[in-house]
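Inspection log for the structure reproduced underneath, given as structure tokens.
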Amino acid sequence: MKKFEAVIFDLDGVITDTAEYHYLAWKQLGEALGIPFDREFNETLKGVSRTDSLDRILELGQRQNDFSLAEKEALATKKNDHYVGLIQNVSPADILPGIAQLLIDLRAKGYKIAMASASKNAFAVTDSLGLFDYFDHIVDAAKVVHSKPDPEVFLKAAEAIGVAPETCIGVEDAAAGVTAINDAGMYAIAIGTDAGLSHADMVLSATDELTIEVIENI
Ligand code: B16
Ligand code: MG
């Protein structure tokens with residue numbers, strides 16, 4: 001009998017590198033607000049919802065009290081418009097190394113596959129990548145109340161595909177996402193070299209290291 005029944009993937013930074021486009025769009029907004037930041041600070045935005053990301057940037061610049069709710073919504077929309085423009089050319093060529101083969105292998109071995117993304121653009125990006133049919137279910141930001149690091153998005157994905165959390169592997173590139181997987185009671189695989197990922201059960205430096213053999217040998 002298989003130890004795990006399902007693999008639940010994060011989208012940005014795991015399936016495709018839209019994390020870079022989020023960074024570019026937030027960076028431009030931050031600079032326009034007089035709040036420049038680097039890649040190290042950007043790590044704290046990964047996996048975090050749009051509104052929470054904006055709050056973190058405003059706090060960094062100590063401008064958290066300078067904007068009304070409506071103004072903050074306008075700023076978040078401005079960032080999203082820029083981001084949506086950047087992802088217009090996303091295609092199957094943007095699937096991160098090894099991920100397409102892994103999805104094929106997981107299917108062939110009978111694993112269920114789901115997605116747990118903090119992005120409201122998750123459906124559009126998955127469609128542009130040509131990967132829609134591989135997922136038994138996608139939970140995006142529109143369907144959750146509490147964003148990562150809360151486990152809700154991963155728990156909803158497990159529920160939707162009819163498996164117990166402890167039979168799931170979660171795959172993430174963000175510290176907040178690894179915390180969400182841990183608190184969901186799932187096995188956490190982190191992808192990346194950031195020191196903030198060490199609370200995962202397994203850390204791999206890049207997606208091409210995540211193979212069906214790795215999963216079957218846990
Ligand atoms: P949107 P994931 C997350 O997606 C990103 O990592 C995070 O940087 C972004 O702010 C968040 O989605 C919200 O995205 O603005 O498109 O709704 O990594 O959970 O797939
Ligand atoms: Mg991510």
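In the structure tokens, the first chain shown is A, the next is B, and so on; residue numbers restart at 1 for each chain, and ligands run from 1 in the order shown.
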Spatial neighbours of range 155-165 of chain A, max dist 9 Å, only C-alpha atoms, sep filter under 3 positions, as a PDB file with N, CA, C and O atoms, in the first residue's frame:
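Result saved to result17.pdb:
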ATOM      1  N   GLU A   5      -1.353   9.273  -0.524  1.00  0.00           N
ATOM      2  CA  GLU A   5      -2.406   9.147  -1.534  1.00  0.00           C
ATOM      3  C   GLU A   5      -2.396  10.299  -2.535  1.00  0.00           C
ATOM      4  O   GLU A   5      -2.940  10.177  -3.631  1.00  0.00           O
ATOM      5  N   ALA A   6      -1.859  11.439  -2.091  1.00  0.00           N
ATOM      6  CA  ALA A   6      -2.004  12.638  -2.926  1.00  0.00           C
ATOM      7  C   ALA A   6      -0.827  13.592  -2.753  1.00  0.00           C
ATOM      8  O   ALA A   6      -0.152  13.583  -1.716  1.00  0.00           O
ATOM      9  N   ILE A   8      -0.157  17.748  -3.083  1.00  0.00           N
ATOM     10  CA  ILE A   8      -0.814  19.043  -3.228  1.00  0.00           C
ATOM     11  C   ILE A   8       0.260  20.099  -3.480  1.00  0.00           C
ATOM     12  O   ILE A   8       1.145  20.318  -2.648  1.00  0.00           O
ATOM     13  N   LYS A 112      -3.495  11.138  -6.369  1.00  0.00           N
ATOM     14  CA  LYS A 112      -4.345  12.281  -6.663  1.00  0.00           C
ATOM     15  C   LYS A 112      -3.476  13.532  -6.642  1.00  0.00           C
ATOM     16  O   LYS A 112      -2.461  13.580  -5.930  1.00  0.00           O
ATOM     17  N   ILE A 113      -3.894  14.522  -7.419  1.00  0.00           N
ATOM     18  CA  ILE A 113      -3.092  15.748  -7.541  1.00  0.00           C
ATOM     19  C   ILE A 113      -4.006  16.951  -7.337  1.00  0.00           C
ATOM     20  O   ILE A 113      -5.073  17.044  -7.954  1.00  0.00           O
ATOM     21  N   ALA A 114      -3.577  17.852  -6.459  1.00  0.00           N
ATOM     22  CA  ALA A 114      -4.357  19.070  -6.239  1.00  0.00           C
ATOM     23  C   ALA A 114      -3.423  20.276  -6.175  1.00  0.00           C
ATOM     24  O   ALA A 114      -2.200  20.129  -6.122  1.00  0.00           O
ATOM     25  N   MET A 115      -4.039  21.449  -6.204  1.00  0.00           N
ATOM     26  CA  MET A 115      -3.268  22.683  -6.090  1.00  0.00           C
ATOM     27  C   MET A 115      -3.830  23.515  -4.947  1.00  0.00           C
ATOM     28  O   MET A 115      -5.046  23.596  -4.763  1.00  0.00           O
ATOM     29  N   ALA A 116      -2.905  24.129  -4.179  1.00  0.00           N
ATOM     30  CA  ALA A 116      -3.291  25.029  -3.086  1.00  0.00           C
ATOM     31  C   ALA A 116      -2.525  26.326  -3.276  1.00  0.00           C
ATOM     32  O   ALA A 116      -1.359  26.427  -2.911  1.00  0.00           O
ATOM     33  N   ASP A 136      -6.828  17.236 -10.047  1.00  0.00           N
ATOM     34  CA  ASP A 136      -8.161  16.781  -9.644  1.00  0.00           C
ATOM     35  C   ASP A 136      -8.952  17.932  -9.035  1.00  0.00           C
ATOM     36  O   ASP A 136     -10.172  17.960  -9.108  1.00  0.00           O
ATOM     37  N   HIS A 137      -8.229  18.871  -8.421  1.00  0.00           N
ATOM     38  CA  HIS A 137      -8.909  20.028  -7.837  1.00  0.00           C
ATOM     39  C   HIS A 137      -7.918  21.175  -7.622  1.00  0.00           C
ATOM     40  O   HIS A 137      -6.747  20.937  -7.314  1.00  0.00           O
ATOM     41  N   ILE A 138      -8.403  22.397  -7.793  1.00  0.00           N
ATOM     42  CA  ILE A 138      -7.573  23.582  -7.539  1.00  0.00           C
ATOM     43  C   ILE A 138      -8.288  24.449  -6.511  1.00  0.00           C
ATOM     44  O   ILE A 138      -9.454  24.807  -6.699  1.00  0.00           O
ATOM     45  N   VAL A 139      -7.599  24.751  -5.410  1.00  0.00           N
ATOM     46  CA  VAL A 139      -8.130  25.722  -4.443  1.00  0.00           C
ATOM     47  C   VAL A 139      -7.303  26.987  -4.595  1.00  0.00           C
ATOM     48  O   VAL A 139      -6.075  26.960  -4.433  1.00  0.00           O
ATOM     49  N   LYS A 143     -11.257  31.022  -2.685  1.00  0.00           N
ATOM     50  CA  LYS A 143     -12.056  30.028  -1.957  1.00  0.00           C
ATOM     51  C   LYS A 143     -11.685  29.898  -0.483  1.00  0.00           C
ATOM     52  O   LYS A 143     -12.229  29.049   0.219  1.00  0.00           O
ATOM     53  N   VAL A 144     -10.729  30.687  -0.020  1.00  0.00           N
ATOM     54  CA  VAL A 144     -10.331  30.557   1.391  1.00  0.00           C
ATOM     55  C   VAL A 144     -10.545  31.861   2.154  1.00  0.00           C
ATOM     56  O   VAL A 144     -10.490  32.948   1.589  1.00  0.00           O
ATOM     57  N   PRO A 151      -3.432  26.838   7.563  1.00  0.00           N
ATOM     58  CA  PRO A 151      -3.492  25.594   6.755  1.00  0.00           C
ATOM     59  C   PRO A 151      -4.740  25.453   5.883  1.00  0.00           C
ATOM     60  O   PRO A 151      -4.854  24.498   5.118  1.00  0.00           O
ATOM     61  N   GLU A 152      -5.687  26.391   5.971  1.00  0.00           N
ATOM     62  CA  GLU A 152      -6.993  26.219   5.318  1.00  0.00           C
ATOM     63  C   GLU A 152      -6.912  25.799   3.846  1.00  0.00           C
ATOM     64  O   GLU A 152      -7.614  24.884   3.407  1.00  0.00           O
ATOM     65  N   CYS A 168      -1.257  13.139   2.653  1.00  0.00           N
ATOM     66  CA  CYS A 168      -0.882  14.103   1.600  1.00  0.00           C
ATOM     67  C   CYS A 168       0.548  14.602   1.774  1.00  0.00           C
ATOM     68  O   CYS A 168       1.025  14.812   2.888  1.00  0.00           O
ATOM     69  N   ILE A 169       1.175  14.853   0.627  1.00  0.00           N
ATOM     70  CA  ILE A 169       2.447  15.571   0.584  1.00  0.00           C
ATOM     71  C   ILE A 169       2.125  16.962   0.055  1.00  0.00           C
ATOM     72  O   ILE A 169       1.409  17.100  -0.942  1.00  0.00           O
ATOM     73  N   ILE A 181       1.466  23.794   5.448  1.00  0.00           N
ATOM     74  CA  ILE A 181       1.490  22.334   5.237  1.00  0.00           C
ATOM     75  C   ILE A 181       1.695  21.612   6.577  1.00  0.00           C
ATOM     76  O   ILE A 181       0.988  20.653   6.893  1.00  0.00           O
ATOM     77  N   ALA A 184      -1.317  21.692   8.628  1.00  0.00           N
ATOM     78  CA  ALA A 184      -2.389  20.859   8.064  1.00  0.00           C
ATOM     79  C   ALA A 184      -2.165  19.386   8.410  1.00  0.00           C
ATOM     80  O   ALA A 184      -3.024  18.543   8.142  1.00  0.00           O
ATOM     81  N   GLY A 185      -0.996  19.074   8.967  1.00  0.00           N
ATOM     82  CA  GLY A 185      -0.689  17.683   9.320  1.00  0.00           C
ATOM     83  C   GLY A 185      -0.221  16.865   8.134  1.00  0.00           C
ATOM     84  O   GLY A 185      -0.310  15.632   8.131  1.00  0.00           O
ATOM     85  N   MET A 186       0.306  17.552   7.112  1.00  0.00           N
ATOM     86  CA  MET A 186       0.799  16.872   5.907  1.00  0.00           C
ATOM     87  C   MET A 186       2.327  16.809   5.927  1.00  0.00           C
ATOM     88  O   MET A 186       2.976  17.479   6.730  1.00  0.00           O
ATOM     89  N   TYR A 187       2.902  16.029   5.009  1.00  0.00           N
ATOM     90  CA  TYR A 187       4.358  15.950   4.857  1.00  0.00           C
ATOM     91  C   TYR A 187       4.790  17.110   3.959  1.00  0.00           C
ATOM     92  O   TYR A 187       4.264  17.278   2.852  1.00  0.00           O
TER      93      TYR A 187
END
(request) Please extract the residues at most 10 Å from ligand 2, counting only C-alpha atoms and all ligand atoms, and provide them as a PyMOL selection string, using the chain letters and residue numbers of this document. (result) chain A and resi 9-19+43+45-48+116-119+171-178+190-191
Save the residues we just selected, N, CA and C atoms, as a PDB file, in the first residue's frame?
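The result, written out as selection13.pdb:
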ATOM      1  N   PHE A   9       0.180  20.702  -4.650  1.00  0.00           N
ATOM      2  CA  PHE A   9       1.214  21.634  -5.082  1.00  0.00           C
ATOM      3  C   PHE A   9       0.798  23.089  -4.868  1.00  0.00           C
ATOM      4  N   ASP A  10       1.754  23.880  -4.420  1.00  0.00           N
ATOM      5  CA  ASP A  10       1.664  25.333  -4.527  1.00  0.00           C
ATOM      6  C   ASP A  10       1.877  25.668  -6.017  1.00  0.00           C
ATOM      7  N   LEU A  11       1.457  26.827  -6.450  1.00  0.00           N
ATOM      8  CA  LEU A  11       1.641  27.186  -7.869  1.00  0.00           C
ATOM      9  C   LEU A  11       2.906  28.038  -8.084  1.00  0.00           C
ATOM     10  N   ASP A  12       2.837  29.279  -7.596  1.00  0.00           N
ATOM     11  CA  ASP A  12       3.937  30.221  -7.872  1.00  0.00           C
ATOM     12  C   ASP A  12       5.226  29.780  -7.189  1.00  0.00           C
ATOM     13  N   GLY A  13       6.246  29.516  -7.972  1.00  0.00           N
ATOM     14  CA  GLY A  13       7.534  29.120  -7.417  1.00  0.00           C
ATOM     15  C   GLY A  13       7.730  27.617  -7.356  1.00  0.00           C
ATOM     16  N   VAL A  14       6.670  26.843  -7.639  1.00  0.00           N
ATOM     17  CA  VAL A  14       6.779  25.379  -7.629  1.00  0.00           C
ATOM     18  C   VAL A  14       6.443  24.809  -9.007  1.00  0.00           C
ATOM     19  N   ILE A  15       5.292  25.206  -9.545  1.00  0.00           N
ATOM     20  CA  ILE A  15       4.882  24.727 -10.865  1.00  0.00           C
ATOM     21  C   ILE A  15       5.495  25.628 -11.938  1.00  0.00           C
ATOM     22  N   THR A  16       5.548  26.915 -11.635  1.00  0.00           N
ATOM     23  CA  THR A  16       6.091  27.878 -12.596  1.00  0.00           C
ATOM     24  C   THR A  16       6.693  29.047 -11.827  1.00  0.00           C
ATOM     25  N   ASP A  17       7.556  29.795 -12.489  1.00  0.00           N
ATOM     26  CA  ASP A  17       8.259  30.844 -11.757  1.00  0.00           C
ATOM     27  C   ASP A  17       7.575  32.208 -11.853  1.00  0.00           C
ATOM     28  N   THR A  18       6.275  32.236 -11.704  1.00  0.00           N
ATOM     29  CA  THR A  18       5.587  33.524 -11.646  1.00  0.00           C
ATOM     30  C   THR A  18       5.977  34.297 -10.398  1.00  0.00           C
ATOM     31  N   ALA A  19       6.629  33.602  -9.424  1.00  0.00           N
ATOM     32  CA  ALA A  19       7.103  34.302  -8.225  1.00  0.00           C
ATOM     33  C   ALA A  19       7.990  35.492  -8.624  1.00  0.00           C
ATOM     34  N   GLU A  43      11.281  37.477   0.000  1.00  0.00           N
ATOM     35  CA  GLU A  43      11.008  36.112   0.491  1.00  0.00           C
ATOM     36  C   GLU A  43       9.843  36.124   1.471  1.00  0.00           C
ATOM     37  N   LEU A  45       7.240  37.838   1.295  1.00  0.00           N
ATOM     38  CA  LEU A  45       5.970  38.057   0.588  1.00  0.00           C
ATOM     39  C   LEU A  45       5.492  36.793  -0.115  1.00  0.00           C
ATOM     40  N   LYS A  46       6.402  35.857  -0.326  1.00  0.00           N
ATOM     41  CA  LYS A  46       6.046  34.655  -1.086  1.00  0.00           C
ATOM     42  C   LYS A  46       4.960  33.858  -0.383  1.00  0.00           C
ATOM     43  N   GLY A  47       3.965  33.453  -1.163  1.00  0.00           N
ATOM     44  CA  GLY A  47       2.879  32.653  -0.613  1.00  0.00           C
ATOM     45  C   GLY A  47       1.879  33.452   0.204  1.00  0.00           C
ATOM     46  N   VAL A  48       2.151  34.740   0.379  1.00  0.00           N
ATOM     47  CA  VAL A  48       1.297  35.609   1.199  1.00  0.00           C
ATOM     48  C   VAL A  48       0.288  36.302   0.284  1.00  0.00           C
ATOM     49  N   ALA A 116      -2.905  24.129  -4.179  1.00  0.00           N
ATOM     50  CA  ALA A 116      -3.291  25.029  -3.086  1.00  0.00           C
ATOM     51  C   ALA A 116      -2.525  26.326  -3.276  1.00  0.00           C
ATOM     52  N   SER A 117      -3.170  27.295  -3.890  1.00  0.00           N
ATOM     53  CA  SER A 117      -2.466  28.543  -4.212  1.00  0.00           C
ATOM     54  C   SER A 117      -3.092  29.737  -3.512  1.00  0.00           C
ATOM     55  N   ALA A 118      -2.238  30.659  -3.098  1.00  0.00           N
ATOM     56  CA  ALA A 118      -2.715  31.915  -2.491  1.00  0.00           C
ATOM     57  C   ALA A 118      -3.081  32.937  -3.554  1.00  0.00           C
ATOM     58  N   SER A 119      -2.950  32.542  -4.822  1.00  0.00           N
ATOM     59  CA  SER A 119      -3.160  33.512  -5.904  1.00  0.00           C
ATOM     60  C   SER A 119      -4.582  33.493  -6.461  1.00  0.00           C
ATOM     61  N   VAL A 171       3.786  20.574  -1.410  1.00  0.00           N
ATOM     62  CA  VAL A 171       5.032  21.081  -2.003  1.00  0.00           C
ATOM     63  C   VAL A 171       4.967  22.602  -2.081  1.00  0.00           C
ATOM     64  N   GLU A 172       5.954  23.271  -1.525  1.00  0.00           N
ATOM     65  CA  GLU A 172       5.945  24.722  -1.391  1.00  0.00           C
ATOM     66  C   GLU A 172       7.319  25.350  -1.626  1.00  0.00           C
ATOM     67  N   ASP A 173       7.325  26.617  -2.020  1.00  0.00           N
ATOM     68  CA  ASP A 173       8.589  27.354  -2.132  1.00  0.00           C
ATOM     69  C   ASP A 173       8.680  28.478  -1.096  1.00  0.00           C
ATOM     70  N   ALA A 174       7.619  28.648  -0.285  1.00  0.00           N
ATOM     71  CA  ALA A 174       7.574  29.791   0.624  1.00  0.00           C
ATOM     72  C   ALA A 174       7.507  29.338   2.076  1.00  0.00           C
ATOM     73  N   ALA A 175       8.149  30.101   2.955  1.00  0.00           N
ATOM     74  CA  ALA A 175       8.133  29.771   4.383  1.00  0.00           C
ATOM     75  C   ALA A 175       6.698  29.710   4.912  1.00  0.00           C
ATOM     76  N   ALA A 176       5.868  30.675   4.503  1.00  0.00           N
ATOM     77  CA  ALA A 176       4.475  30.697   4.979  1.00  0.00           C
ATOM     78  C   ALA A 176       3.728  29.445   4.517  1.00  0.00           C
ATOM     79  N   GLY A 177       4.042  28.986   3.316  1.00  0.00           N
ATOM     80  CA  GLY A 177       3.393  27.794   2.769  1.00  0.00           C
ATOM     81  C   GLY A 177       3.820  26.534   3.493  1.00  0.00           C
ATOM     82  N   VAL A 178       5.108  26.438   3.859  1.00  0.00           N
ATOM     83  CA  VAL A 178       5.592  25.264   4.602  1.00  0.00           C
ATOM     84  C   VAL A 178       4.899  25.206   5.959  1.00  0.00           C
ATOM     85  N   ALA A 190       9.880  21.332   0.712  1.00  0.00           N
ATOM     86  CA  ALA A 190      10.169  22.707   0.309  1.00  0.00           C
ATOM     87  C   ALA A 190      11.123  22.706  -0.871  1.00  0.00           C
ATOM     88  N   ILE A 191      10.894  23.634  -1.786  1.00  0.00           N
ATOM     89  CA  ILE A 191      11.785  23.800  -2.944  1.00  0.00           C
ATOM     90  C   ILE A 191      12.465  25.149  -2.798  1.00  0.00           C
TER      91      ILE A 191
END
(message) For the structure I just gave you, how does DSSP split chain A - specifically, which residues are helix (DSSP H, G or I)? Reply as JSON, numbers by chain.
(response) {"A": [18, 19, 20, 21, 22, 23, 24, 25, 26, 27, 28, 29, 30, 31, 32, 39, 40, 41, 42, 43, 50, 51, 52, 53, 54, 55, 56, 57, 58, 59, 60, 69, 70, 71, 72, 73, 74, 75, 76, 77, 78, 79, 80, 81, 82, 83, 84, 85, 86, 87, 88, 89, 92, 93, 94, 99, 100, 101, 102, 103, 104, 105, 106, 107, 108, 122, 123, 124, 125, 126, 127, 128, 129, 132, 133, 134, 141, 142, 143, 152, 153, 154, 155, 156, 157, 158, 159, 160, 161, 165, 166, 167, 175, 176, 177, 178, 179, 180, 181, 182, 183, 184, 195, 196, 197, 207, 208, 209, 212, 213, 214, 215, 216]}
(request) Work out how far apart CA of Pro92 in chain A and CA of Gly130 in chain A are and give it in Å to one decimal. (result)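 Spanning CA of Pro92 in chain A to CA of Gly130 in chain A is a straight-line distance of 5.9 Å.
For the atom pair formed by CA of Pro97 in chain A and atom 15 (O, counted along the ligand's line) of ligand 1, the distance is 23.6 Å, given to one decimal.
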(request) For each of A:Val7, A:Leu129, A:Gly61, A:Ser53, take the minimum atom-to-atom distance to Gly34 in chain A, counting only C-alpha atoms, then give the residue where this is smallest. (result)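 The answer is A:Gly61, which sits nearest to Gly34 in chain A.
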(request) Pick out the closest residue to Asp208 in chain A from this set: A:Gly98, A:Gly170, A:Pro149, A:Gly196. Count only C-alpha atoms. (result) A:Gly98
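A straight line drawn from atom 13 (C, counted along the ligand's line) of ligand 1 to CA of Asp52 in chain A is 8.9 Å long.
Among the candidate residues A:Leu103, A:Val153, A:Leu210, A:Leu54, the one lying nearest to Leu75 in chain A is A:Leu54, with distances computed using only C-alpha atoms.
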